[in-house]
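One file, my_file-v7.pdb, is given below (PDB, C-alpha atoms, pLDDT in the B column).
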```pdb
MODEL        1
ATOM      1  CA  MET A 136       0.000   0.000   0.000  1.00 86.00           C
ATOM      2  CA  LEU A 137       1.172   3.519  -0.762  1.00 92.00           C
ATOM      3  CA  THR A 138       1.631   5.936   2.092  1.00 94.00           C
ATOM      4  CA  GLY A 139      -0.961   8.700   2.348  1.00 90.00           C
ATOM      5  CA  LYS A 140       1.534  11.191   0.913  1.00 94.00           C
ATOM      6  CA  GLU A 141       2.489   8.900  -1.977  1.00 96.00           C
ATOM      7  CA  PHE A 142      -1.143   8.146  -2.735  1.00 97.00           C
ATOM      8  CA  VAL A 143      -2.271  11.773  -2.803  1.00 97.00           C
ATOM      9  CA  GLU A 144       0.694  12.615  -5.024  1.00 97.00           C
ATOM     10  CA  LYS A 145      -0.484   9.887  -7.413  1.00 97.00           C
ATOM     11  CA  ILE A 146      -3.975  11.407  -7.494  1.00 97.00           C
ATOM     12  CA  LYS A 147      -2.458  14.800  -8.270  1.00 97.00           C
ATOM     13  CA  GLN A 148      -0.365  13.398 -11.113  1.00 97.00           C
ATOM     14  CA  ASP A 149      -3.351  11.509 -12.507  1.00 97.00           C
ATOM     15  CA  ASN A 150      -5.294  14.788 -12.600  1.00 98.00           C
ATOM     16  CA  GLN A 151      -2.949  16.303 -15.143  1.00 97.00           C
ATOM     17  CA  ALA A 152      -4.661  14.890 -18.239  1.00 97.00           C
ATOM     18  CA  LEU A 153      -7.938  16.493 -17.150  1.00 97.00           C
ATOM     19  CA  PHE A 154      -6.303  19.793 -16.274  1.00 98.00           C
ATOM     20  CA  LYS A 155      -4.416  20.056 -19.561  1.00 97.00           C
ATOM     21  CA  ALA A 156      -7.425  19.090 -21.691  1.00 96.00           C
ATOM     22  CA  SER A 157      -9.605  21.601 -19.831  1.00 97.00           C
ATOM     23  CA  GLN A 158      -7.056  24.371 -20.288  1.00 97.00           C
ATOM     24  CA  HIS A 159      -6.818  23.692 -24.013  1.00 96.00           C
ATOM     25  CA  ASN A 160     -10.608  23.859 -24.370  1.00 96.00           C
ATOM     26  CA  VAL A 161     -10.799  27.105 -22.392  1.00 97.00           C
ATOM     27  CA  LYS A 162      -8.076  28.686 -24.508  1.00 96.00           C
ATOM     28  CA  ALA A 163      -9.818  27.608 -27.704  1.00 96.00           C
ATOM     29  CA  TYR A 164     -13.078  29.170 -26.531  1.00 96.00           C
ATOM     30  CA  PHE A 165     -11.587  32.577 -25.798  1.00 96.00           C
ATOM     31  CA  ASP A 166      -9.306  32.498 -28.839  1.00 95.00           C
ATOM     32  CA  SER A 167     -12.465  32.142 -30.945  1.00 95.00           C
ATOM     33  CA  LYS A 168     -13.326  35.735 -29.951  1.00 95.00           C
ATOM     34  CA  PRO A 169     -16.913  35.306 -28.717  1.00 95.00           C
ATOM     35  CA  SER A 170     -19.232  38.268 -29.211  1.00 95.00           C
ATOM     36  CA  GLN A 171     -19.938  40.633 -26.333  1.00 94.00           C
ATOM     37  CA  GLU A 172     -23.449  39.239 -25.989  1.00 95.00           C
ATOM     38  CA  GLU A 173     -22.147  35.677 -25.872  1.00 96.00           C
ATOM     39  CA  LEU A 174     -19.575  36.619 -23.253  1.00 96.00           C
ATOM     40  CA  VAL A 175     -22.262  38.163 -21.042  1.00 96.00           C
ATOM     41  CA  ASP A 176     -24.264  34.955 -21.277  1.00 94.00           C
ATOM     42  CA  HIS A 177     -21.152  32.859 -20.660  1.00 94.00           C
ATOM     43  CA  PHE A 178     -20.188  34.717 -17.511  1.00 96.00           C
ATOM     44  CA  ILE A 179     -23.753  34.676 -16.195  1.00 95.00           C
ATOM     45  CA  GLY A 180     -23.364  30.901 -16.156  1.00 92.00           C
ATOM     46  CA  ARG A 181     -20.065  31.275 -14.315  1.00 94.00           C
ATOM     47  CA  MET A 182     -21.698  33.659 -11.838  1.00 95.00           C
ATOM     48  CA  VAL A 183     -24.503  31.213 -11.062  1.00 94.00           C
ATOM     49  CA  ASN A 184     -22.001  28.410 -10.556  1.00 92.00           C
ATOM     50  CA  GLU A 185     -20.103  30.504  -7.999  1.00 95.00           C
ATOM     51  CA  ARG A 186     -23.341  31.163  -6.158  1.00 95.00           C
ATOM     52  CA  MET A 187     -24.186  27.461  -6.156  1.00 91.00           C
ATOM     53  CA  ASN A 188     -20.769  26.708  -4.677  1.00 93.00           C
ATOM     54  CA  MET A 189     -21.359  29.332  -2.006  1.00 95.00           C
ATOM     55  CA  VAL A 190     -24.743  27.873  -1.029  1.00 94.00           C
ATOM     56  CA  GLU A 191     -23.523  24.267  -0.923  1.00 92.00           C
ATOM     57  CA  LEU A 192     -20.492  25.143   1.203  1.00 94.00           C
ATOM     58  CA  ALA A 193     -22.469  27.414   3.507  1.00 96.00           C
ATOM     59  CA  ASN A 194     -24.883  24.525   4.102  1.00 94.00           C
ATOM     60  CA  LYS A 195     -21.958  22.256   4.935  1.00 94.00           C
ATOM     61  CA  VAL A 196     -20.675  24.813   7.455  1.00 96.00           C
ATOM     62  CA  ALA A 197     -24.136  25.275   8.968  1.00 96.00           C
ATOM     63  CA  ASN A 198     -24.610  21.514   9.339  1.00 93.00           C
ATOM     64  CA  ALA A 199     -21.096  20.714  10.527  1.00 93.00           C
ATOM     65  CA  PRO A 200     -21.024  18.192  13.382  1.00 93.00           C
ATOM     66  CA  ALA A 201     -20.110  19.507  16.814  1.00 94.00           C
ATOM     67  CA  ASP A 202     -16.938  17.400  16.869  1.00 94.00           C
ATOM     68  CA  MET A 203     -15.581  18.763  13.583  1.00 92.00           C
ATOM     69  CA  ASP A 204     -11.960  19.863  13.847  1.00 92.00           C
ATOM     70  CA  PRO A 205     -12.073  23.650  14.448  1.00 95.00           C
ATOM     71  CA  LYS A 206      -9.245  24.143  11.943  1.00 94.00           C
ATOM     72  CA  GLU A 207     -11.241  22.295   9.272  1.00 93.00           C
ATOM     73  CA  LEU A 208     -14.326  24.321  10.102  1.00 95.00           C
ATOM     74  CA  GLN A 209     -12.321  27.529   9.803  1.00 96.00           C
ATOM     75  CA  LEU A 210     -10.950  26.511   6.409  1.00 95.00           C
ATOM     76  CA  LEU A 211     -14.368  25.438   5.153  1.00 95.00           C
ATOM     77  CA  SER A 212     -15.867  28.735   6.311  1.00 97.00           C
ATOM     78  CA  LYS A 213     -13.113  30.597   4.477  1.00 97.00           C
ATOM     79  CA  GLN A 214     -13.893  28.652   1.313  1.00 97.00           C
ATOM     80  CA  ALA A 215     -17.598  29.517   1.615  1.00 97.00           C
ATOM     81  CA  LEU A 216     -16.662  33.200   1.995  1.00 98.00           C
ATOM     82  CA  ASP A 217     -14.294  32.962  -0.981  1.00 98.00           C
ATOM     83  CA  GLU A 218     -17.127  31.572  -3.104  1.00 97.00           C
ATOM     84  CA  ALA A 219     -19.377  34.438  -1.995  1.00 98.00           C
ATOM     85  CA  ASN A 220     -16.650  36.853  -3.074  1.00 98.00           C
ATOM     86  CA  HIS A 221     -16.302  35.035  -6.396  1.00 98.00           C
ATOM     87  CA  PHE A 222     -20.057  35.348  -6.935  1.00 98.00           C
ATOM     88  CA  ARG A 223     -19.769  39.105  -6.425  1.00 98.00           C
ATOM     89  CA  MET A 224     -16.644  39.371  -8.580  1.00 98.00           C
ATOM     90  CA  VAL A 225     -18.146  37.483 -11.530  1.00 98.00           C
ATOM     91  CA  LYS A 226     -21.330  39.550 -11.193  1.00 98.00           C
ATOM     92  CA  ASP A 227     -19.088  42.610 -11.579  1.00 98.00           C
ATOM     93  CA  VAL A 228     -17.559  41.056 -14.713  1.00 98.00           C
ATOM     94  CA  VAL A 229     -21.034  40.394 -16.144  1.00 98.00           C
ATOM     95  CA  GLU A 230     -22.197  43.961 -15.519  1.00 98.00           C
ATOM     96  CA  TYR A 231     -18.920  45.366 -16.825  1.00 98.00           C
ATOM     97  CA  LEU A 232     -19.343  43.439 -20.092  1.00 97.00           C
ATOM     98  CA  ASN A 233     -23.063  44.217 -20.182  1.00 97.00           C
ATOM     99  CA  GLY A 234     -22.448  47.936 -19.830  1.00 97.00           C
ATOM    100  CA  GLY A 235     -24.844  48.179 -16.886  1.00 97.00           C
ATOM    101  CA  PRO A 236     -26.663  46.301 -14.107  1.00 97.00           C
ATOM    102  CA  ILE A 237     -28.358  42.950 -14.594  1.00 96.00           C
ATOM    103  CA  ASP A 238     -31.229  41.403 -12.679  1.00 97.00           C
ATOM    104  CA  VAL A 239     -29.243  38.899 -10.638  1.00 95.00           C
ATOM    105  CA  LYS A 240     -32.277  37.183  -9.141  1.00 95.00           C
ATOM    106  CA  ALA A 241     -33.847  36.677 -12.560  1.00 94.00           C
ATOM    107  CA  SER A 242     -30.530  35.463 -14.004  1.00 92.00           C
ATOM    108  CA  VAL A 243     -30.054  32.891 -11.252  1.00 89.00           C
ATOM    109  CA  GLU A 244     -33.644  31.674 -11.456  1.00 89.00           C
ATOM    110  CA  HIS A 245     -33.491  31.424 -15.254  1.00 88.00           C
ATOM    111  CA  GLU A 246     -30.244  29.430 -15.200  1.00 84.00           C
ATOM    112  CA  LEU A 247     -31.508  27.007 -12.575  1.00 79.00           C
ATOM    113  CA  ALA A 248     -35.034  26.639 -13.922  1.00 79.00           C
ATOM    114  CA  ASN A 249     -33.837  25.898 -17.441  1.00 74.00           C
ATOM    115  CA  ASN A 250     -30.852  23.790 -16.345  1.00 62.00           C
ATOM    116  CA  ARG A 251     -28.741  25.795 -18.743  1.00 58.00           C
ATOM    117  CA  GLY A 252     -25.294  24.337 -19.089  1.00 53.00           C
ATOM    118  CA  ILE A 253     -23.727  21.871 -16.710  1.00 61.00           C
ATOM    119  CA  LYS A 254     -22.438  23.397 -13.508  1.00 75.00           C
ATOM    120  CA  GLY A 255     -19.427  22.138 -11.602  1.00 80.00           C
ATOM    121  CA  ALA A 256     -21.154  23.002  -8.335  1.00 81.00           C
ATOM    122  CA  LYS A 257     -23.791  20.343  -9.058  1.00 84.00           C
ATOM    123  CA  LEU A 258     -21.159  17.733  -8.329  1.00 91.00           C
ATOM    124  CA  LEU A 259     -21.197  18.796  -4.674  1.00 90.00           C
ATOM    125  CA  SER A 260     -24.706  17.401  -4.379  1.00 89.00           C
ATOM    126  CA  LYS A 261     -24.183  14.499  -6.806  1.00 91.00           C
ATOM    127  CA  TYR A 262     -21.332  13.134  -4.711  1.00 94.00           C
ATOM    128  CA  GLU A 263     -23.061  14.030  -1.420  1.00 92.00           C
ATOM    129  CA  CYS A 264     -20.124  16.181  -0.363  1.00 92.00           C
ATOM    130  CA  GLU A 265     -22.110  17.719   2.500  1.00 88.00           C
ATOM    131  CA  THR A 266     -21.986  14.415   4.382  1.00 91.00           C
ATOM    132  CA  ASP A 267     -19.145  12.489   2.703  1.00 94.00           C
ATOM    133  CA  GLU A 268     -15.823  13.959   3.820  1.00 94.00           C
ATOM    134  CA  MET A 269     -13.818  11.835   1.392  1.00 95.00           C
ATOM    135  CA  ALA A 270     -15.875  13.015  -1.590  1.00 96.00           C
ATOM    136  CA  MET A 271     -15.606  16.603  -0.376  1.00 95.00           C
ATOM    137  CA  ALA A 272     -11.828  16.421  -0.069  1.00 96.00           C
ATOM    138  CA  LEU A 273     -11.555  14.856  -3.501  1.00 97.00           C
ATOM    139  CA  TYR A 274     -13.841  17.517  -4.994  1.00 96.00           C
ATOM    140  CA  GLN A 275     -11.618  20.200  -3.529  1.00 96.00           C
ATOM    141  CA  LEU A 276      -8.449  18.589  -4.833  1.00 97.00           C
ATOM    142  CA  ILE A 277      -9.728  17.849  -8.341  1.00 97.00           C
ATOM    143  CA  ALA A 278     -12.520  20.313  -9.136  1.00 96.00           C
ATOM    144  CA  GLU A 279     -10.912  23.301  -7.439  1.00 96.00           C
ATOM    145  CA  GLY A 280      -7.522  22.342  -8.853  1.00 97.00           C
ATOM    146  CA  ARG A 281      -9.048  22.237 -12.344  1.00 97.00           C
ATOM    147  CA  ALA A 282     -10.720  25.589 -11.707  1.00 97.00           C
ATOM    148  CA  ALA A 283      -7.398  27.114 -10.665  1.00 98.00           C
ATOM    149  CA  ARG A 284      -5.810  26.008 -13.928  1.00 97.00           C
ATOM    150  CA  ASN A 285      -8.807  27.035 -16.044  1.00 97.00           C
ATOM    151  CA  TRP A 286      -9.085  30.502 -14.538  1.00 97.00           C
ATOM    152  CA  SER A 287      -5.347  31.043 -14.833  1.00 98.00           C
ATOM    153  CA  MET A 288      -5.641  30.164 -18.515  1.00 97.00           C
ATOM    154  CA  LEU A 289      -8.689  32.424 -18.895  1.00 97.00           C
ATOM    155  CA  SER A 290      -6.760  35.257 -17.282  1.00 97.00           C
ATOM    156  CA  SER A 291      -3.913  34.851 -19.768  1.00 97.00           C
ATOM    157  CA  CYS A 292      -6.247  34.563 -22.793  1.00 94.00           C
ATOM    158  CA  VAL A 293      -8.507  37.580 -22.370  1.00 95.00           C
ATOM    159  CA  THR A 294      -7.088  40.957 -23.286  1.00 92.00           C
ATOM    160  CA  ASP A 295      -9.367  43.042 -21.077  1.00 96.00           C
ATOM    161  CA  PRO A 296      -7.429  43.873 -17.879  1.00 97.00           C
ATOM    162  CA  PHE A 297     -10.521  43.988 -15.648  1.00 98.00           C
ATOM    163  CA  VAL A 298     -11.643  40.485 -16.610  1.00 98.00           C
ATOM    164  CA  SER A 299      -8.075  39.168 -16.586  1.00 98.00           C
ATOM    165  CA  ASN A 300      -7.240  40.543 -13.135  1.00 98.00           C
ATOM    166  CA  THR A 301     -10.531  39.300 -11.686  1.00 98.00           C
ATOM    167  CA  TYR A 302      -9.922  35.749 -12.825  1.00 98.00           C
ATOM    168  CA  ALA A 303      -6.271  35.789 -11.768  1.00 98.00           C
ATOM    169  CA  LYS A 304      -7.496  36.489  -8.235  1.00 98.00           C
ATOM    170  CA  ILE A 305     -10.146  33.745  -8.422  1.00 98.00           C
ATOM    171  CA  ALA A 306      -7.513  31.287  -9.703  1.00 98.00           C
ATOM    172  CA  ARG A 307      -5.315  31.957  -6.655  1.00 98.00           C
ATOM    173  CA  ASP A 308      -8.233  31.250  -4.323  1.00 98.00           C
ATOM    174  CA  GLU A 309      -9.097  28.018  -6.119  1.00 97.00           C
ATOM    175  CA  LYS A 310      -5.504  26.837  -5.802  1.00 97.00           C
ATOM    176  CA  PHE A 311      -5.770  27.311  -2.041  1.00 97.00           C
ATOM    177  CA  HIS A 312      -9.048  25.367  -1.971  1.00 97.00           C
ATOM    178  CA  SER A 313      -7.339  22.513  -3.805  1.00 97.00           C
ATOM    179  CA  LYS A 314      -4.646  22.440  -1.122  1.00 96.00           C
ATOM    180  CA  MET A 315      -7.403  22.087   1.469  1.00 96.00           C
ATOM    181  CA  GLY A 316      -8.518  18.906  -0.265  1.00 96.00           C
ATOM    182  CA  ARG A 317      -4.960  17.583  -0.320  1.00 97.00           C
ATOM    183  CA  ARG A 318      -4.642  18.249   3.400  1.00 95.00           C
ATOM    184  CA  LYS A 319      -7.792  16.283   4.196  1.00 95.00           C
ATOM    185  CA  LEU A 320      -7.004  13.380   1.866  1.00 96.00           C
ATOM    186  CA  LEU A 321      -3.625  12.943   3.557  1.00 96.00           C
ATOM    187  CA  GLN A 322      -5.555  12.236   6.744  1.00 94.00           C
ATOM    188  CA  LEU A 323      -8.176   9.960   5.182  1.00 95.00           C
ATOM    189  CA  CYS A 324      -6.340   7.690   2.743  1.00 95.00           C
ATOM    190  CA  ASP A 325      -4.755   5.385   5.311  1.00 92.00           C
ATOM    191  CA  THR A 326      -6.101   1.959   4.274  1.00 95.00           C
ATOM    192  CA  PRO A 327      -6.175  -0.004   0.990  1.00 95.00           C
ATOM    193  CA  GLU A 328      -9.988   0.078   1.055  1.00 96.00           C
ATOM    194  CA  LYS A 329     -10.114   3.866   1.354  1.00 96.00           C
ATOM    195  CA  GLN A 330      -7.511   4.300  -1.365  1.00 96.00           C
ATOM    196  CA  ALA A 331      -9.461   2.005  -3.689  1.00 96.00           C
ATOM    197  CA  ARG A 332     -12.637   4.019  -3.129  1.00 96.00           C
ATOM    198  CA  VAL A 333     -10.822   7.290  -3.812  1.00 96.00           C
ATOM    199  CA  LEU A 334      -9.373   5.951  -7.067  1.00 96.00           C
ATOM    200  CA  GLU A 335     -12.812   4.914  -8.309  1.00 95.00           C
ATOM    201  CA  LEU A 336     -14.431   8.166  -7.211  1.00 96.00           C
ATOM    202  CA  ALA A 337     -11.630  10.269  -8.687  1.00 97.00           C
ATOM    203  CA  ASN A 338     -11.997   8.732 -12.144  1.00 95.00           C
ATOM    204  CA  GLU A 339     -15.755   9.263 -12.179  1.00 94.00           C
ATOM    205  CA  MET A 340     -15.343  12.841 -10.997  1.00 96.00           C
ATOM    206  CA  ARG A 341     -12.722  13.601 -13.641  1.00 97.00           C
ATOM    207  CA  LEU A 342     -14.992  12.322 -16.413  1.00 95.00           C
ATOM    208  CA  ASP A 343     -17.847  14.476 -15.099  1.00 94.00           C
ATOM    209  CA  LEU A 344     -15.606  17.520 -14.917  1.00 95.00           C
ATOM    210  CA  PHE A 345     -14.468  17.011 -18.503  1.00 95.00           C
ATOM    211  CA  GLU A 346     -18.088  17.022 -19.692  1.00 93.00           C
ATOM    212  CA  ILE A 347     -18.680  20.200 -17.693  1.00 92.00           C
ATOM    213  CA  ASN A 348     -15.654  21.795 -19.315  1.00 93.00           C
ATOM    214  CA  CYS A 349     -16.819  20.878 -22.824  1.00 92.00           C
ATOM    215  CA  ALA A 350     -20.330  22.187 -22.150  1.00 89.00           C
ATOM    216  CA  ASN A 351     -19.035  25.526 -20.906  1.00 89.00           C
ATOM    217  CA  SER A 352     -16.229  26.173 -23.394  1.00 91.00           C
ATOM    218  CA  VAL A 353     -15.521  24.175 -26.571  1.00 92.00           C
ATOM    219  CA  GLU A 354     -14.303  20.655 -27.187  1.00 91.00           C
ATOM    220  CA  LEU A 355     -11.174  20.321 -29.267  1.00 91.00           C
ATOM    221  CA  ALA A 356     -10.934  17.332 -31.574  1.00 83.00           C
ATOM    222  CA  ASP A 357      -8.292  15.468 -29.608  1.00 91.00           C
ATOM    223  CA  THR A 358      -9.192  16.259 -25.998  1.00 92.00           C
ATOM    224  CA  ARG A 359     -11.869  13.573 -25.562  1.00 92.00           C
ATOM    225  CA  ALA A 360      -9.531  10.899 -26.924  1.00 92.00           C
ATOM    226  CA  LYS A 361      -6.862  11.945 -24.448  1.00 92.00           C
ATOM    227  CA  ILE A 362      -9.345  11.918 -21.572  1.00 95.00           C
ATOM    228  CA  GLU A 363     -10.592   8.443 -22.502  1.00 93.00           C
ATOM    229  CA  GLN A 364      -7.028   7.192 -22.779  1.00 94.00           C
ATOM    230  CA  ALA A 365      -6.316   8.497 -19.268  1.00 94.00           C
ATOM    231  CA  TYR A 366      -9.571   7.652 -17.466  1.00 94.00           C
ATOM    232  CA  GLY A 367     -11.744   5.353 -19.565  1.00 89.00           C
ATOM    233  CA  LYS A 368     -14.897   5.793 -21.637  1.00 83.00           C
ATOM    234  CA  THR A 369     -16.665   9.114 -21.262  1.00 81.00           C
ATOM    235  CA  LYS A 370     -20.398   9.321 -20.734  1.00 72.00           C
ATOM    236  CA  GLN A 371     -23.068  11.974 -20.440  1.00 61.00           C
ATOM    237  CA  LEU A 372     -23.021  13.682 -17.079  1.00 60.00           C
ATOM    238  CA  GLU A 373     -25.908  12.789 -14.780  1.00 55.00           C
ATOM    239  CA  VAL A 374     -26.616  15.115 -11.864  1.00 49.00           C
TER     240      VAL A 374
ENDMDL
END
```

Conversion result in structure tokens:
Amino acid sequence: MLTGKEFVEKIKQDNQALFKASQHNVKAYFDSKPSQEELVDHFIGRMVNERMNMVELANKVANAPADMDPKELQLLSKQALDEANHFRMVKDVVEYLNGGPIDVKASVEHELANNRGIKGAKLLSKYECETDEMAMALYQLIAEGRAARNWSMLSSCVTDPFVSNTYAKIARDEKFHSKMGRRKLLQLCDTPEKQARVLELANEMRLDLFEINCANSVELADTRAKIEQAYGKTKQLEV
């Protein structure tokens, strides 16, 4: 059996195919020079996803067991606050690109009611992260790690300094959230049975995250083949 440190390092290395494919798709989307109207719509989806993350994490904080490690609770609370800040920051990006205020309530309700796009935050509920600490840690390591790489790429692709600087800041936060997941997994992955479960869960989560990336950017011709070579056959995301 691998040590906890060796095992988590393996998970991190195995994430690289997903991260690289996602970055390539993000770059292709912004290099295609979407119209202003399309960008507003695109970032509304991003805004709603940040709000969904905020709500899910705030619920996890509110329902935390009394014996939860205070340090973990502090970190989780910080992540919930970060997501609230990201919600505000992406709202600012939307209104900046829109040239004026938007109806946030209507935008959120429209996105959720029409299930527009596939949101990464939906995986928090799909994998029952509120009650499953292993799934939560893995989500942080993989999904937030992917977000850090995607938003760093976005920041380097867009020419507008306001949008670029906003997403550079979000990328730094997501990198910290990914480190939170690593910290927790180091504590949890101490038996062969737990490591086996994490490996299975990680592969499923990576495949879901790839579908989310394709739905919210573009899919390059070779990225799906590379993902399937790394993780197995892709399938439609079910949430």

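Residues matched by the PyMOL selection byres ((chain A and resi 231) around 12) in this file are Gln171, Glu172, Leu174, Val175, Phe178, Ile179, Met224, Val225, Lys226, Asp227, Val228, Val229, Glu230, Leu232, Asn233, Gly234, Gly235, Pro236, Ile237, Asp295, Pro296, Phe297, Val298 and Thr301 of chain A.
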
(Q) Considering all atoms listed in the file, can you say which of A:Leu276, A:Met271, A:Ala156, A:Val353 comes closest to His177 of chain A? (A)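 Of all the options, A:Val353 lies closest to His177 of chain A.
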
Q.
I'd like to see the residues matched by the PyMOL selection byres ((chain A and resi 185-198) around 7) on this file, and ideally I'd get them as a list in words.
A. Arg181, Met182, Val183, Asn184, Ala199, Pro200, Leu208, Leu211, Ser212, Ala215, Glu218, Ala219, His221, Phe222, Ala256 and Glu265 of chain A

Q: Work out how far atom CA of Val161 of chain A is from atom CA of Gly280 of chain A, in Å to one decimal.
A: 14.7 Å

Step by step, work through what the PyMOL selection byres ((chain A and resi 165) around 12) selects in the shown file, and finish by giving those residues as a short mmCIF file (atom, residue, chain, number, x, y, z; two decimals) with C-alpha atoms, in the coordinates of the input.
```
data_model
loop_
_atom_site.label_atom_id
_atom_site.label_comp_id
_atom_site.auth_asym_id
_atom_site.auth_seq_id
_atom_site.Cartn_x
_atom_site.Cartn_y
_atom_site.Cartn_z
CA GLN A 158 -7.06 24.37 -20.29
CA HIS A 159 -6.82 23.69 -24.01
CA ASN A 160 -10.61 23.86 -24.37
CA VAL A 161 -10.80 27.10 -22.39
CA LYS A 162 -8.08 28.69 -24.51
CA ALA A 163 -9.82 27.61 -27.70
CA TYR A 164 -13.08 29.17 -26.53
CA ASP A 166 -9.31 32.50 -28.84
CA SER A 167 -12.46 32.14 -30.94
CA LYS A 168 -13.33 35.74 -29.95
CA PRO A 169 -16.91 35.31 -28.72
CA SER A 170 -19.23 38.27 -29.21
CA GLN A 171 -19.94 40.63 -26.33
CA GLU A 173 -22.15 35.68 -25.87
CA LEU A 174 -19.58 36.62 -23.25
CA HIS A 177 -21.15 32.86 -20.66
CA ASN A 285 -8.81 27.04 -16.04
CA TRP A 286 -9.09 30.50 -14.54
CA MET A 288 -5.64 30.16 -18.52
CA LEU A 289 -8.69 32.42 -18.90
CA SER A 290 -6.76 35.26 -17.28
CA SER A 291 -3.91 34.85 -19.77
CA CYS A 292 -6.25 34.56 -22.79
CA VAL A 293 -8.51 37.58 -22.37
CA THR A 294 -7.09 40.96 -23.29
CA ASP A 295 -9.37 43.04 -21.08
CA SER A 299 -8.07 39.17 -16.59
CA ASN A 351 -19.04 25.53 -20.91
CA SER A 352 -16.23 26.17 -23.39
CA VAL A 353 -15.52 24.18 -26.57
#
```

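Comparing A:Phe142, A:Tyr262, A:Phe154, A:Phe311 by their smallest distance to Met340 of chain A, the closest is A:Tyr262 (using only C-alpha atoms).
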
**Q.** Test item: residues at most 12 Å from Asn338 of chain A, all atoms listed in the file, excluding those fewer than 4 positions along its chain, as a list in words
**A.**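 Result of the neighbour search: Ile146, Lys147, Asp149, Asn150, Ala152, Leu153, Leu273, Tyr274, Ile277, Ala278, Ala331, Arg332, Val333, Leu334, Leu342, Asp343, Leu344, Phe345, Ile362, Glu363, Gln364, Ala365, Tyr366, Gly367, Lys368 and Thr369 of chain A.
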
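Comparing A:Ala270, A:Met203, A:Lys155, A:Gln275 by their smallest distance to Asp357 of chain A, the closest is A:Lys155 (using only C-alpha atoms).
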
Q.
One decimal, in Å: what's the spacing between atom CA of Lys257 of chain A and atom CA of Glu354 of chain A?
A.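 Separating atom CA of Lys257 of chain A from atom CA of Glu354 of chain A is a distance of 20.5 Å.
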
Q. Just how far from atom CA of Gln151 of chain A is atom CA of Asp325 of chain A, in Å to one decimal?
A. 23.3 Å

**Q.** Nearest-residue call for Arg223 of chain A, choices A:Val239, A:Ala360, A:Leu355, A:Met136, using only C-alpha atoms
**A.**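 Closest residue, counting only C-alpha atoms: A:Val239.
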
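Counting all atoms listed in the file, Ala306 of chain A has the following residues at most 7 Å away, ignoring those fewer than 5 positions along the same chain: A:Ala282, A:Ala283, A:Arg284, A:Trp286, A:Ser287.
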
C-alpha atoms of the current selection, written as an mmCIF file, keeping the file's coordinate frame:
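Okay, part.cif is ready:
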```
data_model
loop_
_atom_site.group_PDB
_atom_site.id
_atom_site.type_symbol
_atom_site.label_atom_id
_atom_site.label_comp_id
_atom_site.auth_asym_id
_atom_site.auth_seq_id
_atom_site.Cartn_x
_atom_site.Cartn_y
_atom_site.Cartn_z
ATOM 1 C CA ALA A 282 -10.720 25.589 -11.707
ATOM 2 C CA ALA A 283 -7.398 27.114 -10.665
ATOM 3 C CA ARG A 284 -5.810 26.008 -13.928
ATOM 4 C CA TRP A 286 -9.085 30.502 -14.538
ATOM 5 C CA SER A 287 -5.347 31.043 -14.833
#
```

Q: Could you tell me which of A:Gly180, A:Asp202, A:Asp217, A:Lys370 comes closest to Leu247 of chain A if we count all atoms listed in the file?
A: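 When distances to Leu247 of chain A are compared using all atoms listed in the file, the smallest one comes from A:Gly180.
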
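Minimum atom-to-atom distance to Lys145 of chain A, evaluated using all atoms listed in the file, belongs to A:Gln330 out of A:Ser242, A:Ser260, A:Gln330, A:Ser157.
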
Write out as lines of an AutoDock Vina configuration file an axis-aligned box for segment 256-266 of chain A: all of its atoms listed in the file, 6 Å added on each side, centre and edge lengths in Å with one decimal.
```
center_x = -22.4
center_y = 18.1
center_z = -2.3
size_x = 16.6
size_y = 21.9
size_z = 25.4
```
